[in-house]
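Following: one structure in structure tokens, then a few remarks.
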Amino acid sequence: MGYSFLRQYPICNYIVDFYCKDLKLAIETDGITHTWEETYQKDIAKEKFLTDNGITILRFEDSQVMNDLNNVSRTIEEWITEREQSSPCPLQRGTSD
């Protein structure tokens with residue numbers, strides 16, 4: 001689809017697992033520690049900060065990534081397709097027909 005994702009990308013005081021600057025899309029993979037209350041509360045604060053700053057977050061369980069990567073990829077591709085259809089693609093801005 002032509003987008004670059006950076007791994008372990010810092011945004012202010014937070015680090016997202018994967019980030020696409022052009023789409024303002026963060027992808028988070030959650031392991032067992034994300035079920036712990038302390039980690040869960042940190043995730044809530046992180047998600048609020050990111051969404052307040054116009055960043056969309058897609059979350060996946062580690063087990064989904066490890067055991068069902070095709071559906072994870074399909075979900076991400078569908079999100080990108082929907083975004084491209086609903087607004088001009090950032091990579092295409094400034095181009096003329």
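Labels for the structure tokens follow display order: chains A, B, ..., residues from 1 in each chain, ligands from 1.
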Any idea what's packed within 9 Å of region 1-5 of chain A, counting only C-alpha atoms, ignoring anything in its chain fewer than 3 positions away? Could you give it as an mmCIF file with N, CA, C and O atoms, in the first residue's frame?
data_model
loop_
_atom_site.group_PDB
_atom_site.id
_atom_site.type_symbol
_atom_site.label_atom_id
_atom_site.label_comp_id
_atom_site.auth_asym_id
_atom_site.auth_seq_id
_atom_site.Cartn_x
_atom_site.Cartn_y
_atom_site.Cartn_z
ATOM 1 N N PHE A 18 4.208 0.337 16.672
ATOM 2 C CA PHE A 18 4.434 0.667 15.261
ATOM 3 C C PHE A 18 3.708 1.968 14.966
ATOM 4 O O PHE A 18 2.610 2.197 15.481
ATOM 5 N N TYR A 19 4.308 2.809 14.101
ATOM 6 C CA TYR A 19 3.686 4.097 13.797
ATOM 7 C C TYR A 19 3.914 4.474 12.341
ATOM 8 O O TYR A 19 5.013 4.335 11.813
ATOM 9 N N CYS A 20 2.830 4.950 11.718
ATOM 10 C CA CYS A 20 2.901 5.481 10.370
ATOM 11 C C CYS A 20 2.604 6.971 10.448
ATOM 12 O O CYS A 20 1.470 7.369 10.764
ATOM 13 N N LYS A 21 3.625 7.787 10.179
ATOM 14 C CA LYS A 21 3.467 9.239 10.260
ATOM 15 C C LYS A 21 2.443 9.743 9.252
ATOM 16 O O LYS A 21 1.631 10.618 9.566
ATOM 17 N N ASP A 22 2.474 9.230 8.027
ATOM 18 C CA ASP A 22 1.582 9.711 6.978
ATOM 19 C C ASP A 22 0.113 9.482 7.318
ATOM 20 O O ASP A 22 -0.745 10.289 6.954
ATOM 21 N N LEU A 23 -0.179 8.395 7.997
ATOM 22 C CA LEU A 23 -1.556 8.058 8.339
ATOM 23 C C LEU A 23 -1.946 8.486 9.750
ATOM 24 O O LEU A 23 -3.120 8.412 10.113
ATOM 25 N N LEU A 25 -1.245 6.769 12.335
ATOM 26 C CA LEU A 25 -1.777 5.493 12.796
ATOM 27 C C LEU A 25 -0.742 4.782 13.663
ATOM 28 O O LEU A 25 0.389 4.556 13.238
ATOM 29 N N ALA A 26 -1.162 4.452 14.884
ATOM 30 C CA ALA A 26 -0.337 3.666 15.792
ATOM 31 C C ALA A 26 -0.924 2.272 15.885
ATOM 32 O O ALA A 26 -2.145 2.104 15.961
ATOM 33 N N GLU A 77 -5.094 -3.223 6.528
ATOM 34 C CA GLU A 77 -5.320 -2.820 5.136
ATOM 35 C C GLU A 77 -6.722 -2.245 4.943
ATOM 36 O O GLU A 77 -6.896 -1.253 4.234
ATOM 37 N N ILE A 80 -6.791 1.279 6.324
ATOM 38 C CA ILE A 80 -6.118 2.202 5.400
ATOM 39 C C ILE A 80 -7.017 2.499 4.200
ATOM 40 O O ILE A 80 -7.173 3.663 3.801
ATOM 41 N N LEU A 91 -0.144 11.036 1.028
ATOM 42 C CA LEU A 91 0.925 10.928 0.051
ATOM 43 C C LEU A 91 0.519 11.497 -1.298
ATOM 44 O O LEU A 91 1.352 11.769 -2.146
#
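Those residues that approach Gly31 (chain A) to within 10 Å, counting only C-alpha atoms, are Phe60, Glu61, Asp62 and Ser63 of chain A; same-chain residues fewer than 5 positions away are not listed.
Taking only C-alpha atoms into account, Ile76 (chain A) lies nearest to A:Thr56 out of the set A:Thr51, A:Thr56, A:Asn13, A:Gln8.
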_Non-local contacts of Glu47 (chain A) (12 Å; only C-alpha atoms; under 4 positions in same chain excluded) as an NGL selection string_ = :A and (11 or 14-16 or 25-28 or 40-43 or 51-59)
_I'd like the interatomic distance between CA of Asp30 (chain A) and CA of Trp79 (chain A), to a tenth of an Å._
19.0 Å
_To test your reading of the structure, identify every residue in region 40-86 of chain A that backbone DSSP assigns to alpha helix (DSSP H), and report it as number ranges by chain._
A: 40-52, 62-67, 69-86
*Can you list, as a ChimeraX atom specification, all residues belonging to chain A that DSSP tags as strand (DSSP E)?*
/A:6-11,14-20,25-30,56-61
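Distance annotation: of A:Thr29, A:Asp17, A:Cys12, A:Arg83, the residue with the minimal separation from Val65 (chain A) is A:Thr29; atom set is only C-alpha atoms.
For the atom pair formed by CA of Lys24 (chain A) and CA of Leu50 (chain A), the distance is 9.5 Å, given to one decimal.
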